[in-house]
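Asks: Sharing a structure here in structure tokens format.
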Amino acid sequence: MASDAKTAQGYKRINFFKGFLTTEHDWNDAEKYHLEKRKLHNRMFHAPGVVSGYGGDLRVLARQRGDLSMEIQPGYAIDGQGSDLVLWEAQIKTIVPEEYKLPQTLYIVLRFVEELTDFIAYKENLEYKGHRRVLEGCKVEISQTEPDIKAEVELARVMLEKNSARVRDARDPFDPKANEIDMRYVPRAGVSGSALDPALRLRVGQMFTGMRKGLFYMARDGRVMTAHDALSAIYSASTLHAAGQLDLRNIFDVLTLVLETQGEITADVEINHPTLAQKPEFANFRKHTEILKGILAERRFTQDALQNLCAYEQKVADILAALFAGGPPVPMDDEKPQAAAAPGKKSMDWEAVKVLSQLDLPAELEIDGKTWKQVDKIDVMEKDSEEAHSLVISEAKDSYRSRQKLKYPDGTTLEDVGRAHVGGYAQFYAKNLTPGKELAIVRRMDYVYGDYEIQYSVDGRNAGTCSCAGTDRVNRWRNWPFILSADLITKDKVLIKQNSGTAGRDINMFRYWFYQPK
């Protein structure tokens, strides 16, 4: 240790006793002892790098502005010296081309810094003065030299070409091109043990069990050779899960590998098992595999996303069991009974509402057995509709209009116009309401850049935070819901305020629909 608190014999802890007159040196040595022991633990028990699961995982994202700026999400990392690097808020970094000799690779790095704060001087005796605190922090920098893990943690790199006008997110994260953000080299800190919720951990285990059985039957009874490969992948994932090594920081990567083997099964069956490929159950297997690919492509590393993955993988397991082991027949999606739904309506959940590919949402939605009636809507950029609802954007750092022709996850292409604001807030009225009932706000949004939060208020009262987690750079339309509690709806017309809760993020809005339960 680089202080007197450590000698060749080891670390010295301060020892208080009656009559011990401490000085500033004693107290500083006491602090350095704990600081150096913590760094020693970090160095010896954790590989340096970004710690998954904290904040936004220090992800580096291109901004939706078509320039050379990037947003670094909050997060936590450990460098090679064992220092803790905590980025509390999102930061914006802009590359200034004139400062570099292009083309070249630029590195976005995080470095540990300390700052003396809380200065005080006693006017009775000016010899007694100093800083009462040391602020531990970190700094995001753009470097031209390859990062040294002992002094800094790499967050991303960009191969920037000459005369480049913008930086983009990588279309293929495994093979980024020039002017695209490359995060393949980001070191990951070693973390032991699973942080999954116990109930979700059990759900994942049940899913793996079902998949092992289904793939075993497919390999044995169906004689599909690629099912052996998929079964091996599931056994490997099950082993990691049993050892407590899977949670949100890595399970999506593991399931991506598993899903690749399921895709190979589909190709194998279509080429080598034409009779099997014609069965409706196999068509359902193929359909659910594609749904799983779409969920993983959204890169929403949340518990809700994992629950969704488990549910669809369990359906795949049930299909395989029914095909090859004489299990109960697995109904197609359109054959499943909707016990709680009214005649002629198909019940769904709010996740399903997000991907409804219609220009205008229906007058009624059947959600988990409850009927929700559309009571109002706002067509953004339609003058009469905006004026009728007093839609305004205020105090924004930037705001702009947008016309987009995008796809929903089912491939449906729609064109719509809307507005967006960076910072500040938007506010509008919702009308025709029934007091004392919940109110669902459904906002059509461009999901190309998610991972932000919106803070809502109703007539000046806090209504909670809507988390728009994840992104989708291919199928970008979403209908994002948020439910306002019934106690906030006290009149037939309420003023809703939509605050940007994440620094520097573009909050876009193309249409609003408002629903209340019947």
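We label chains A, B, ... in the order they appear in the structure tokens, count residues from 1 in each chain, and number ligands from 1 in the order shown.
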Region 352-427 of chain A near region 488-510 of chain A within 8 Å: what's each residue's closest atom pair and its distance in Å to one decimal, counting only C-alpha atoms, ordered by chain then ascending residue number, as a Markdown table?

Replies:
| residue | atom | partner | partner_atom | distance |
| --- | --- | --- | --- | --- |
| A:Asp379 | CA | A:Phe510 | CA | 7.2 |
| A:Val380 | CA | A:Phe510 | CA | 5.4 |
| A:Met381 | CA | A:Phe510 | CA | 7.9 |
| A:Asp416 | CA | A:Phe510 | CA | 6.7 |
| A:Val417 | CA | A:Phe510 | CA | 5.8 |
| A:Gly418 | CA | A:Phe510 | CA | 4.0 |
| A:Arg419 | CA | A:Met509 | CA | 5.6 |
| A:Ala420 | CA | A:Asn508 | CA | 4.0 |
| A:His421 | CA | A:Ile507 | CA | 5.4 |
| A:Val422 | CA | A:Asp506 | CA | 4.7 |
| A:Gly423 | CA | A:Ser500 | CA | 5.3 |
| A:Gly424 | CA | A:Ser500 | CA | 6.1 |
| A:Tyr425 | CA | A:Asn499 | CA | 4.3 |
| A:Ala426 | CA | A:Gln498 | CA | 5.1 |
| A:Gln427 | CA | A:Lys497 | CA | 4.3 |

Asks: Skipping near chain neighbours, those fewer than 6 positions away, what residues fall within 8 Å of Thr371 (chain A) using only C-alpha atoms, listed as a PyMOL selection string?

Replies: chain A and resi 364-365+517-518

Asks: Provide the CA of Val442 (chain A) to CA of Arg461 (chain A) distance in Å, to one decimal place.

Replies: 19.6 Å

Asks: Check the smallest atom-to-atom distance from each of A:Thr434, A:Ser236, A:Ser83, A:Asn28 to Val50 (chain A) using only C-alpha atoms, then report the winner.

Replies: A:Ser83

Asks: Measuring between only C-alpha atoms, which one of A:Tyr312, A:Tyr449, A:Phe301, A:Tyr54 shows the shortest distance to His288 (chain A)?

Replies: A:Tyr312

Asks: Kindly give the distance, in Å, that separates CA of Asp26 (chain A) and CA of Leu85 (chain A), rounded to a single decimal.

Replies: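 Pair CA of Asp26 (chain A) / CA of Leu85 (chain A) returns 26.5 Å.
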
Asks: As an exercise, work out the distance from CA of Arg38 (chain A) to CA of Val186 (chain A) in Å and give it to one decimal place.

Replies: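 We find that CA of Arg38 (chain A) and CA of Val186 (chain A) lie 23.2 Å from each other.
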
Asks: Nearest to Ile291 (chain A): which of A:Glu124, A:Asp410, A:Asp398, A:Glu382 is it, counting only C-alpha atoms?

Replies: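 Nearest to Ile291 (chain A): A:Asp410.
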